[in-house]
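To be precise, the following lines are protein.txt, and they hold compact mmCIF, C-alpha atoms.
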# COMPACT_ATOMS: atom_id res chain seq x y z
CA MET A 8 -5.57 -22.25 4.96
CA SER A 9 -2.32 -23.13 3.14
CA ASN A 10 -1.20 -21.25 0.08
CA LYS A 11 -2.08 -23.90 -2.53
CA PRO A 12 -5.79 -24.30 -1.63
CA ARG A 13 -6.14 -20.52 -1.32
CA THR A 14 -4.48 -20.07 -4.71
CA ALA A 15 -6.74 -22.68 -6.33
CA LEU A 16 -9.87 -21.03 -4.93
CA ALA A 17 -8.70 -17.55 -5.93
CA VAL A 18 -8.00 -18.77 -9.48
CA ALA A 19 -11.45 -20.40 -9.56
CA GLY A 20 -13.07 -17.07 -8.66
CA LEU A 21 -10.97 -15.18 -11.20
CA SER A 22 -11.80 -17.78 -13.87
CA LEU A 23 -15.50 -17.44 -13.17
CA GLY A 24 -15.33 -13.65 -13.41
CA THR A 25 -13.26 -13.58 -16.60
CA SER A 26 -15.55 -16.12 -18.28
CA LEU A 27 -18.55 -13.77 -18.08
CA ASN A 28 -17.33 -11.60 -20.95
CA PRO A 29 -16.82 -14.36 -23.56
CA LEU A 30 -19.95 -16.16 -22.31
CA ASN A 31 -22.16 -13.10 -22.82
CA SER A 32 -20.55 -12.20 -26.12
CA SER A 33 -21.47 -15.57 -27.62
CA MET A 34 -24.74 -16.74 -26.05
CA ILE A 35 -26.66 -13.61 -27.12
CA ALA A 36 -26.48 -14.85 -30.73
CA VAL A 37 -29.32 -17.33 -30.18
CA ALA A 38 -31.64 -14.61 -28.80
CA LEU A 39 -31.62 -12.29 -31.82
CA VAL A 40 -34.74 -13.77 -33.40
CA VAL A 41 -36.66 -13.58 -30.11
CA LEU A 42 -35.54 -9.99 -29.50
CA ARG A 43 -36.66 -9.00 -32.98
CA ALA A 44 -40.11 -10.42 -32.30
CA ASP A 45 -40.47 -8.93 -28.80
CA PHE A 46 -39.35 -5.41 -29.75
CA GLY A 47 -40.49 -5.33 -33.40
CA LEU A 48 -37.01 -4.83 -34.90
CA ASP A 49 -35.37 -5.44 -38.25
CA VAL A 50 -32.19 -7.48 -38.72
CA ALA A 51 -29.84 -4.47 -38.88
CA THR A 52 -31.21 -2.89 -35.70
CA VAL A 53 -31.15 -5.99 -33.52
CA THR A 54 -27.42 -6.53 -34.16
CA TRP A 55 -26.68 -3.42 -32.08
CA VAL A 56 -27.24 -5.53 -28.96
CA ILE A 57 -24.05 -7.34 -30.03
CA THR A 58 -22.24 -4.28 -31.36
CA ALA A 59 -22.81 -2.33 -28.11
CA PHE A 60 -21.20 -5.16 -26.15
CA TYR A 61 -18.23 -5.50 -28.51
CA LEU A 62 -17.51 -1.77 -28.69
CA THR A 63 -17.69 -1.30 -24.93
CA SER A 64 -15.53 -4.37 -24.32
CA ALA A 65 -12.92 -3.27 -26.86
CA ALA A 66 -12.68 0.20 -25.34
CA GLY A 67 -13.19 -0.88 -21.74
CA GLN A 68 -10.46 -3.52 -21.52
CA PRO A 69 -7.46 -1.13 -21.82
CA LEU A 70 -9.13 1.41 -19.53
CA MET A 71 -9.83 -1.21 -16.88
CA GLY A 72 -6.31 -2.55 -17.20
CA ARG A 73 -4.94 0.91 -16.54
CA LEU A 74 -7.22 1.34 -13.52
CA ALA A 75 -6.15 -2.08 -12.19
CA ASP A 76 -2.49 -1.03 -12.39
CA ARG A 77 -3.21 2.28 -10.67
CA PHE A 78 -5.76 1.48 -7.97
CA GLY A 79 -5.53 -2.26 -7.31
CA PRO A 80 -6.75 -5.30 -9.26
CA ARG A 81 -8.84 -6.95 -6.53
CA ARG A 82 -10.69 -3.73 -5.79
CA LEU A 83 -11.45 -3.20 -9.49
CA PHE A 84 -12.50 -6.84 -10.02
CA ASN A 85 -14.97 -6.64 -7.15
CA PHE A 86 -16.39 -3.35 -8.44
CA GLY A 87 -16.89 -4.90 -11.87
CA MET A 88 -18.75 -7.90 -10.48
CA VAL A 89 -21.08 -5.63 -8.48
CA LEU A 90 -21.74 -3.60 -11.63
CA VAL A 91 -22.59 -6.78 -13.57
CA ALA A 92 -24.90 -8.10 -10.84
CA VAL A 93 -26.87 -4.85 -10.49
CA THR A 94 -27.14 -4.26 -14.24
CA CYS A 95 -28.23 -7.81 -15.02
CA ALA A 96 -30.82 -7.76 -12.24
CA LEU A 97 -32.43 -4.66 -13.80
CA ALA A 98 -31.97 -5.42 -17.52
CA PRO A 99 -34.89 -7.92 -17.85
CA PHE A 100 -37.25 -5.05 -17.00
CA ALA A 101 -35.97 -2.75 -19.78
CA PRO A 102 -39.03 -1.11 -21.41
CA ASN A 103 -37.41 -0.68 -24.83
CA PHE A 104 -34.57 -1.98 -26.97
CA ALA A 105 -32.43 1.14 -26.59
CA LEU A 106 -32.22 0.69 -22.81
CA LEU A 107 -31.48 -2.99 -23.35
CA CYS A 108 -28.47 -2.03 -25.48
CA VAL A 109 -27.38 0.38 -22.75
CA ALA A 110 -27.64 -2.46 -20.22
CA ARG A 111 -25.50 -4.66 -22.46
CA ALA A 112 -22.90 -1.90 -22.70
CA VAL A 113 -22.79 -1.41 -18.92
CA MET A 114 -22.58 -5.17 -18.42
CA ALA A 115 -19.68 -5.29 -20.89
CA LEU A 116 -17.90 -2.56 -18.91
CA GLY A 117 -18.32 -4.57 -15.71
CA THR A 118 -17.05 -7.81 -17.24
CA ALA A 119 -14.14 -5.90 -18.83
CA THR A 120 -12.65 -5.38 -15.36
CA ALA A 121 -12.13 -9.11 -14.84
CA TYR A 122 -9.37 -10.21 -17.22
CA PRO A 123 -6.91 -7.31 -16.76
CA SER A 124 -7.41 -7.55 -12.99
CA ALA A 125 -6.93 -11.32 -13.06
CA VAL A 126 -3.62 -11.06 -14.93
CA VAL A 127 -2.25 -8.64 -12.31
CA ILE A 128 -3.53 -10.81 -9.44
CA VAL A 129 -1.96 -13.92 -11.00
CA GLY A 130 1.48 -12.42 -10.51
CA ALA A 131 0.90 -12.10 -6.76
CA LEU A 132 -0.68 -15.56 -6.57
CA ALA A 133 2.24 -17.18 -8.41
CA ARG A 134 4.76 -15.57 -6.06
CA THR A 135 2.76 -16.54 -2.96
CA ALA A 136 2.21 -20.16 -4.00
CA ASN A 137 5.70 -20.47 -5.55
CA VAL A 138 4.32 -21.72 -8.88
CA LYS A 139 4.83 -20.61 -12.48
CA SER A 140 2.29 -18.17 -13.86
CA THR A 141 1.45 -20.54 -16.73
CA ARG A 142 -0.70 -22.74 -14.48
CA PRO A 143 -3.13 -20.13 -13.11
CA LEU A 144 -3.19 -18.37 -16.48
CA GLY A 145 -3.95 -21.71 -18.12
CA ARG A 146 -6.93 -22.31 -15.86
CA ILE A 147 -8.25 -18.81 -16.52
CA GLN A 148 -7.79 -19.29 -20.26
CA MET A 149 -9.57 -22.65 -20.06
CA ALA A 150 -12.58 -20.97 -18.48
CA ASN A 151 -12.57 -18.25 -21.16
CA THR A 152 -12.33 -20.59 -24.13
CA SER A 153 -14.94 -22.96 -22.72
CA ALA A 154 -17.37 -20.12 -21.96
CA ALA A 155 -17.08 -18.70 -25.47
CA ALA A 156 -17.57 -22.10 -27.07
CA VAL A 157 -20.53 -23.30 -24.98
CA GLY A 158 -22.23 -19.89 -25.00
CA PRO A 159 -24.59 -20.68 -27.91
CA VAL A 160 -25.64 -23.97 -26.30
CA VAL A 161 -26.25 -22.40 -22.88
CA GLY A 162 -28.00 -19.45 -24.47
CA GLY A 163 -30.24 -21.72 -26.52
CA LEU A 164 -31.38 -23.61 -23.42
CA LEU A 165 -32.02 -20.43 -21.42
CA VAL A 166 -33.96 -18.72 -24.21
CA SER A 167 -36.07 -21.78 -24.99
CA LEU A 168 -36.89 -22.53 -21.33
CA VAL A 169 -37.25 -18.98 -19.90
CA GLY A 170 -36.76 -16.29 -22.55
CA TRP A 171 -34.10 -13.71 -23.44
CA GLN A 172 -34.38 -12.27 -19.92
CA ALA A 173 -32.59 -15.36 -18.60
CA LEU A 174 -29.42 -14.35 -20.49
CA PHE A 175 -29.13 -11.43 -18.07
CA MET A 176 -30.43 -13.13 -14.92
CA ILE A 177 -27.89 -15.97 -15.09
CA ASN A 178 -25.10 -13.39 -14.61
CA VAL A 179 -26.38 -12.30 -11.19
CA PRO A 180 -25.45 -15.45 -9.22
CA LEU A 181 -22.31 -16.01 -11.31
CA SER A 182 -20.92 -12.51 -10.74
CA LEU A 183 -21.78 -12.56 -7.03
CA ALA A 184 -20.08 -15.95 -6.62
CA ALA A 185 -16.95 -14.62 -8.34
CA LEU A 186 -17.04 -11.52 -6.12
CA LEU A 187 -17.29 -13.51 -2.88
CA ILE A 188 -14.56 -15.99 -3.81
CA VAL A 189 -12.05 -13.37 -4.96
CA ARG A 190 -12.82 -11.12 -2.00
CA LYS A 191 -12.09 -13.95 0.42
CA TYR A 192 -9.15 -15.75 -1.20
CA ALA A 193 -7.30 -13.34 -3.53
CA PRO A 194 -4.37 -11.40 -2.04
CA VAL A 195 -5.06 -7.91 -0.77
CA ASP A 196 -4.05 -5.12 -3.14
CA GLU A 197 -0.66 -3.56 -2.63
CA ASP A 198 -0.45 0.15 -1.92
CA ARG A 199 -1.25 1.99 -5.12
CA GLU A 200 -2.32 5.44 -6.18
CA ARG A 201 -4.93 7.23 -4.16
CA GLY A 202 -6.54 10.54 -4.90
CA SER A 203 -9.72 12.54 -5.17
CA ALA A 204 -12.42 12.00 -7.76
CA ALA A 205 -11.37 15.30 -9.39
CA GLU A 206 -7.79 14.07 -9.76
CA LEU A 207 -8.98 10.77 -11.17
CA LEU A 208 -11.18 12.56 -13.71
CA ARG A 209 -8.35 14.90 -14.67
CA ASP A 210 -5.93 12.01 -15.25
CA SER A 211 -8.42 9.71 -17.00
CA ASP A 212 -7.82 11.08 -20.51
CA ILE A 213 -11.52 11.38 -21.33
CA PRO A 214 -10.83 12.84 -24.82
CA GLY A 215 -8.58 9.86 -25.55
CA ILE A 216 -11.26 7.40 -24.45
CA LEU A 217 -13.91 9.17 -26.53
CA GLY A 218 -11.58 9.31 -29.53
CA PHE A 219 -10.88 5.58 -29.32
CA ILE A 220 -14.57 4.64 -28.97
CA GLY A 221 -15.65 7.15 -31.62
CA SER A 222 -13.14 6.06 -34.25
CA LEU A 223 -13.89 2.38 -33.65
CA THR A 224 -17.65 3.02 -33.83
CA LEU A 225 -17.47 4.99 -37.09
CA VAL A 226 -15.20 2.45 -38.79
CA MET A 227 -17.40 -0.44 -37.65
CA MET A 228 -20.53 1.32 -38.90
CA ALA A 229 -18.83 1.84 -42.26
CA LEU A 230 -17.67 -1.77 -42.54
CA LEU A 231 -21.07 -3.11 -41.50
CA ASN A 232 -22.73 -0.71 -43.95
CA VAL A 233 -25.16 0.55 -41.29
CA LEU A 234 -25.80 3.75 -43.30
CA PRO A 235 -25.24 2.82 -46.97
CA ASP A 236 -25.47 6.41 -48.25
CA ALA A 237 -22.87 7.65 -45.75
CA ARG A 238 -20.51 4.67 -45.74
CA TRP A 239 -17.44 6.51 -47.08
CA TRP A 240 -18.11 9.55 -44.90
CA LEU A 241 -18.20 7.27 -41.85
CA LEU A 242 -14.94 5.60 -42.88
CA ALA A 243 -13.26 8.97 -43.48
CA GLY A 244 -14.52 10.33 -40.17
CA GLY A 245 -13.30 7.25 -38.33
CA THR A 246 -9.87 7.52 -39.96
CA VAL A 247 -9.50 11.20 -39.05
CA LEU A 248 -10.66 10.55 -35.51
CA ALA A 249 -8.18 7.66 -35.21
CA ALA A 250 -5.34 9.97 -36.32
CA LEU A 251 -6.39 12.58 -33.74
CA PHE A 252 -6.55 9.83 -31.12
CA VAL A 253 -2.97 8.75 -31.86
CA TRP A 254 -1.76 12.37 -31.71
CA ARG A 255 -3.55 12.90 -28.39
CA GLU A 256 -2.18 9.72 -26.80
CA LEU A 257 1.39 10.58 -27.77
CA LYS A 258 1.03 14.04 -26.19
CA PHE A 259 -0.99 13.30 -23.04
CA SER A 260 0.42 11.87 -19.83
CA PRO A 261 -0.76 9.46 -18.57
CA PRO A 262 -2.50 8.31 -21.79
CA PHE A 263 -5.57 6.09 -21.89
CA LEU A 264 -3.78 3.78 -24.35
CA ASP A 265 -0.02 3.84 -23.92
CA LEU A 266 1.11 3.74 -27.55
CA ARG A 267 4.70 4.31 -26.48
CA LEU A 268 4.49 1.02 -24.55
CA LEU A 269 3.93 -0.69 -27.91
CA GLY A 270 6.59 1.35 -29.65
CA ARG A 271 9.33 0.45 -27.17
CA ASN A 272 8.25 -3.18 -26.69
CA ARG A 273 8.50 -5.07 -29.99
CA PRO A 274 7.77 -8.52 -28.48
CA LEU A 275 4.51 -7.23 -26.99
CA LEU A 276 3.50 -5.60 -30.28
CA LEU A 277 4.08 -8.90 -32.11
CA VAL A 278 1.99 -10.77 -29.53
CA TYR A 279 -0.88 -8.35 -30.08
CA LEU A 280 -0.65 -8.56 -33.87
CA GLY A 281 -0.46 -12.36 -33.87
CA PHE A 282 -3.35 -12.66 -31.41
CA ALA A 283 -5.59 -10.35 -33.46
CA VAL A 284 -4.90 -12.33 -36.66
CA PHE A 285 -5.40 -15.63 -34.83
CA ASN A 286 -8.80 -14.52 -33.56
CA GLY A 287 -9.76 -13.44 -37.05
CA ILE A 288 -9.14 -17.01 -38.22
CA TYR A 289 -10.94 -18.58 -35.28
CA TYR A 290 -14.02 -16.39 -35.49
CA PHE A 291 -14.30 -17.10 -39.21
CA ALA A 292 -15.04 -20.67 -38.13
CA PHE A 293 -16.95 -19.82 -34.96
CA PHE A 294 -19.43 -17.45 -36.63
CA GLY A 295 -19.27 -18.69 -40.22
CA LEU A 296 -19.60 -22.44 -39.70
CA PRO A 297 -22.94 -22.42 -37.78
CA GLN A 298 -24.53 -20.33 -40.54
CA LEU A 299 -23.22 -22.75 -43.17
CA LEU A 300 -24.56 -25.76 -41.29
CA GLN A 301 -27.98 -24.19 -40.83
CA GLU A 302 -28.57 -22.63 -44.24
CA ALA A 303 -26.56 -24.83 -46.63
CA ALA A 304 -26.74 -28.16 -44.78
CA GLY A 305 -30.23 -27.62 -43.37
CA TYR A 306 -29.41 -28.67 -39.80
CA ASP A 307 -31.64 -27.48 -36.96
CA PRO A 308 -30.11 -24.73 -34.75
CA GLY A 309 -30.16 -27.09 -31.76
CA VAL A 310 -28.24 -29.70 -33.73
CA VAL A 311 -25.72 -27.07 -34.86
CA GLY A 312 -25.14 -26.10 -31.24
CA LEU A 313 -24.32 -29.71 -30.41
CA LEU A 314 -22.05 -30.01 -33.45
CA MET A 315 -20.01 -27.08 -32.11
CA LEU A 316 -19.59 -28.68 -28.67
CA PRO A 317 -16.40 -30.64 -29.57
CA LEU A 318 -14.67 -27.28 -29.96
CA ALA A 319 -15.30 -26.53 -26.27
CA ALA A 320 -14.49 -30.07 -25.18
CA MET A 321 -11.14 -30.15 -26.96
CA SER A 322 -10.30 -26.68 -25.65
CA VAL A 323 -10.72 -27.93 -22.09
CA ILE A 324 -8.79 -31.15 -22.75
CA ALA A 325 -5.91 -29.46 -24.57
CA THR A 326 -5.29 -26.59 -22.15
CA PRO A 327 -3.52 -28.56 -19.37
CA PHE A 328 -1.26 -30.17 -21.98
CA ALA A 329 -0.50 -26.73 -23.44
CA VAL A 330 0.39 -25.40 -19.99
CA ARG A 331 2.78 -28.30 -19.33
CA ALA A 332 4.29 -27.90 -22.80
CA ILE A 333 4.98 -24.20 -22.16
CA ASP A 334 6.71 -25.09 -18.87
CA ARG A 335 8.85 -27.65 -20.68
CA PHE A 336 9.49 -26.17 -24.13
CA ARG A 337 8.90 -22.43 -23.45
CA VAL A 338 6.34 -20.13 -25.00
CA ARG A 339 7.74 -19.64 -28.51
CA ARG A 340 7.93 -23.31 -29.49
CA VAL A 341 4.43 -24.00 -28.24
CA LEU A 342 3.11 -20.90 -30.01
CA ILE A 343 4.69 -21.95 -33.31
CA ALA A 344 3.30 -25.48 -32.96
CA GLY A 345 -0.15 -24.12 -32.14
CA VAL A 346 -0.21 -21.81 -35.17
CA LEU A 347 0.90 -24.65 -37.48
CA PHE A 348 -1.91 -26.84 -36.08
CA LEU A 349 -4.30 -23.92 -36.61
CA VAL A 350 -3.34 -23.66 -40.28
CA ALA A 351 -3.81 -27.42 -40.70
CA ALA A 352 -7.23 -27.33 -38.97
CA ALA A 353 -8.32 -24.37 -41.11
CA GLY A 354 -7.21 -26.19 -44.27
CA ALA A 355 -9.18 -29.27 -43.24
CA MET A 356 -12.32 -27.11 -43.20
CA TRP A 357 -12.12 -27.27 -47.01
CA LEU A 358 -13.65 -30.77 -46.74
CA LEU A 359 -16.99 -29.12 -45.95
CA THR A 360 -17.18 -27.98 -49.56
CA ALA A 361 -17.76 -31.65 -50.41
CA SER A 362 -19.72 -33.07 -47.46
CA PHE A 363 -21.76 -32.09 -44.40
CA ALA A 364 -21.66 -35.54 -42.80
CA ILE A 365 -22.08 -35.26 -39.03
CA PRO A 366 -18.95 -37.34 -38.17
CA LEU A 367 -16.87 -35.05 -40.42
CA VAL A 368 -18.29 -31.89 -38.83
CA LEU A 369 -17.64 -33.24 -35.33
CA LEU A 370 -14.05 -34.10 -36.28
CA LEU A 371 -13.39 -30.66 -37.77
CA THR A 372 -14.81 -28.71 -34.82
CA ALA A 373 -12.76 -30.89 -32.46
CA LEU A 374 -9.62 -30.18 -34.50
CA MET A 375 -10.27 -26.42 -34.34
CA GLY A 376 -10.60 -26.60 -30.55
CA ILE A 377 -7.00 -27.76 -30.09
CA PRO A 378 -5.15 -24.78 -31.63
CA TRP A 379 -7.75 -22.39 -30.16
CA SER A 380 -6.69 -23.54 -26.71
CA VAL A 381 -2.95 -23.83 -27.40
CA VAL A 382 -2.52 -20.48 -29.18
CA SER A 383 -4.74 -18.65 -26.68
CA ILE A 384 -2.78 -19.76 -23.60
CA ALA A 385 0.60 -19.38 -25.35
CA SER A 386 -0.31 -15.86 -26.52
CA SER A 387 -1.55 -14.97 -23.05
CA GLN A 388 1.71 -16.18 -21.52
CA GLY A 389 3.67 -14.39 -24.26
CA MET A 390 1.92 -11.15 -23.30
CA TYR A 391 2.69 -11.83 -19.63
CA VAL A 392 6.43 -12.41 -20.11
CA SER A 393 6.72 -9.46 -22.53
CA THR A 394 5.69 -6.89 -19.92
CA GLN A 395 6.90 -5.56 -16.60
CA PRO A 396 4.68 -6.23 -13.54
CA HIS A 397 3.49 -2.61 -13.33
CA GLU A 398 2.40 -2.72 -17.00
CA ARG A 399 0.47 -5.99 -16.99
CA GLY A 400 -2.96 -4.60 -16.25
CA VAL A 401 -3.09 -2.24 -19.21
CA ALA A 402 -1.21 -4.77 -21.37
CA ALA A 403 -3.84 -7.42 -20.60
CA GLY A 404 -6.58 -4.94 -21.45
CA ILE A 405 -5.10 -4.22 -24.88
CA PHE A 406 -4.63 -7.98 -25.34
CA GLN A 407 -8.37 -8.53 -24.93
CA THR A 408 -9.10 -5.63 -27.28
CA CYS A 409 -7.07 -7.47 -29.94
CA ARG A 410 -9.43 -10.43 -29.46
CA TYR A 411 -12.42 -8.21 -30.22
CA LEU A 412 -10.74 -6.54 -33.19
CA GLY A 413 -10.12 -10.00 -34.65
CA ALA A 414 -13.73 -11.03 -34.00
CA ILE A 415 -15.12 -7.80 -35.50
CA THR A 416 -12.93 -8.17 -38.60
CA ALA A 417 -14.04 -11.77 -39.07
CA THR A 418 -17.71 -10.80 -38.66
CA VAL A 419 -17.42 -8.10 -41.32
CA MET A 420 -15.60 -10.38 -43.76
CA ILE A 421 -18.14 -13.18 -43.24
CA GLY A 422 -20.86 -10.71 -44.18
CA ILE A 423 -18.96 -9.91 -47.37
CA PHE A 424 -18.34 -13.53 -48.35
CA TYR A 425 -21.87 -14.66 -47.51
CA GLY A 426 -23.40 -11.60 -49.15
CA SER A 427 -24.11 -13.56 -52.34
CA GLY A 428 -25.34 -16.61 -50.44
CA VAL A 429 -24.43 -19.00 -47.64
CA ASN A 430 -23.15 -21.93 -49.67
CA GLN A 431 -20.21 -24.30 -50.02
CA ALA A 432 -18.53 -22.26 -52.77
CA ASN A 433 -18.36 -19.15 -50.58
CA TRP A 434 -17.23 -21.25 -47.64
CA GLY A 435 -14.33 -22.41 -49.81
CA LEU A 436 -13.32 -18.78 -50.38
CA MET A 437 -13.47 -18.21 -46.62
CA VAL A 438 -11.19 -21.20 -46.03
CA LEU A 439 -8.65 -19.74 -48.48
CA THR A 440 -8.80 -16.46 -46.55
CA MET A 441 -8.26 -18.34 -43.28
CA LEU A 442 -5.16 -19.98 -44.77
CA VAL A 443 -3.75 -16.61 -45.89
CA LEU A 444 -4.32 -15.20 -42.39
CA GLY A 445 -2.71 -18.36 -40.99
CA ALA A 446 0.43 -17.66 -43.02
CA VAL A 447 0.50 -14.12 -41.62
CA ALA A 448 0.08 -15.43 -38.06
CA PHE A 449 2.90 -17.93 -38.63
CA GLY A 450 5.24 -15.21 -39.92
CA VAL A 451 4.50 -12.97 -36.93
CA THR A 452 5.07 -15.89 -34.55
CA LEU A 453 8.48 -16.65 -36.08
CA LEU A 454 9.53 -13.04 -35.47
CA TRP A 455 8.53 -13.11 -31.78
CA ARG A 456 11.20 -13.61 -29.14
CA GLU A 457 10.72 -13.68 -25.39
CA ARG A 458 11.75 -10.39 -23.83
CA THR A 459 14.95 -10.69 -21.83
CA GLY A 460 15.13 -7.31 -20.15

Show me this structure written as structure tokens.
Amino acid sequence: MSNKPRTALAVAGLSLGTSLNPLNSSMIAVALVVLRADFGLDVATVTWVITAFYLTSAAGQPLMGRLADRFGPRRLFNFGMVLVAVTCALAPFAPNFALLCVARAVMALGTATAYPSAVVIVGALARTANVKSTRPLGRIQMANTSAAAVGPVVGGLLVSLVGWQALFMINVPLSLAALLIVRKYAPVDEDRERGSAAELLRDSDIPGILGFIGSLTLVMMALLNVLPDARWWLLAGGTVLAALFVWRELKFSPPFLDLRLLGRNRPLLLVYLGFAVFNGIYYFAFFGLPQLLQEAAGYDPGVVGLLMLPLAAMSVIATPFAVRAIDRFRVRRVLIAGVLFLVAAAGAMWLLTASFAIPLVLLLTALMGIPWSVVSIASSQGMYVSTQPHERGVAAGIFQTCRYLGAITATVMIGIFYGSGVNQANWGLMVLTMLVLGAVAFGVTLLWRERTG
């Protein structure tokens, strides 16, 4: 088979594998009520099925990126897909909620292998097919944005027709298909590090991994007010643990999270910062708008799912244009244009303080889909050109962690704003916050320059 068809099929398999993480992070939202009823849970407890996934994904992405750089991206991708298939085949039989959360965490770890591995593989594919990396990265990003956007709709159908178990079972054929396609059509891994299990364990920086997960968990528990009487103790403990984590990573070689990589690479640091802020803005709309439409406008959850569909549709439509624009105008100009469009789309959300008319909602969700696609692919390409080939696995992992940090921050702030009620007045305050974050994202984008050396 010629290079171009092989490349297209390999990218299709990579896209399918990378889409599993955003798909599973979003479609679980529609199953919370059913899980509460089946396991007899309260609202605070059931959210741990989401938190377990987010925490594992945030910690797992950099680790998997490092392993992809060290031991080969195709090998790691295939391992992750096997882990997802096995876990999701067993999860529907979980006898209690705690084991279900464990299954979600293991599934998140498996899906976390996909994106860092895909970014490393894209470099080899682009060289083999003699194409720019923007095209395969654009297709992968299209799959990710579409999966995240349609997740609630897909999840709603699966839960209503089968039950929450279907949210796990659907991953079995999807992960196996991704495994078979990538195994057959992706380039074979180059020679990389080999060693014993003892050497791998010794070099894995387990204290660093535990410090990262522990500090993130404690801070999240404090922000989400999981234990009201211990909130400030949790925040203090998370801060201390974060400081110890930084000290450990600067001393240990090779570190779990290469902080020196960020220190010596200003363009990459700016990409991460801008991407985290951008996701904070986006997830304000993605998580905050459906609640507003259900509780303040009185729309049925099924209707709300359909009202969010234009976001996915416009993401798919805009991505090829964004890829061509990057090829023509370079990353920085497209990124600046995307952030400006994002600020305009966020400002337009103010109109919902006056009306919930369906045509208006459809227009606004469609508008938000355009910058979501443009900024995502431009940021992804900015990360790619800001790193050396041997760094791209771990860099891509940290990139995805920034996505989750933005989502977690938005979730916490939505809880604060909606604490006094889900209404148009509080939505207006959220829109103002989105505009402030948009100004920050714009400033960061202006500072970014493509790395030349």

### Message
Quick check, in Å to one decimal: how far apart do atom CA of A:Leu62 and atom CA of A:Met227 lie?
### Response
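It comes out at 9.1 Å.
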
### Query
In Å to one decimal, how far is atom CA of A:Ala121 from atom CA of A:Pro69?
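Atom CA of A:Ala121 lies 11.6 Å from atom CA of A:Pro69.
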
### Task
Would you work out the distance separating atom CA of A:Ala17 from atom CA of A:Thr63, expressed in Å to one decimal?
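Those two atoms sit 26.6 Å apart.
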
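Minimum atom-to-atom distances from A:Gly295, A:Pro274, A:Gly354, A:Gly20 to A:Leu439 were compared using all atoms listed in the file, and the lowest value belongs to A:Gly354.
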
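Between A:Val310 and the residues A:Leu107, A:Pro159, A:Leu444, A:Thr360, the shortest atom-to-atom distance, using only C-alpha atoms, involves A:Pro159.
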
### Of the listed residues A:Ala292, A:Leu314, A:Ala193, A:Cys108, that which approaches A:Ser124 most closely, counting all atoms listed in the file
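Answer, going by the shortest atom-to-atom distance: A:Ala193.
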
### Query
Which of these residues is nearest to A:Val157, using all atoms listed in the file: A:Pro12, A:Gly376, A:Gly215, A:Gly87?
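The closest residue to A:Val157 is A:Gly376.
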
### Message
Calculated over all atoms listed in the file, which of the candidates A:Leu248, A:Met228, A:Leu168, A:Met390 has the smallest distance to A:Asn272?
### Response
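Answer, going by the shortest atom-to-atom distance: A:Met390.
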
### Query
Could you tell me, as a PyMOL selection string, which residues have any atom at most 12 Å from (-35.6, -13.5, -20.0), counting all atoms listed in the file?
chain A and resi 35+38+41-42+45+95-101+107+162-178

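Among the candidates A:Leu296, A:Ala19, A:Ala156, A:Ala44, the residue lying nearest to A:Ala125 is A:Ala19 (atoms considered: only C-alpha atoms).
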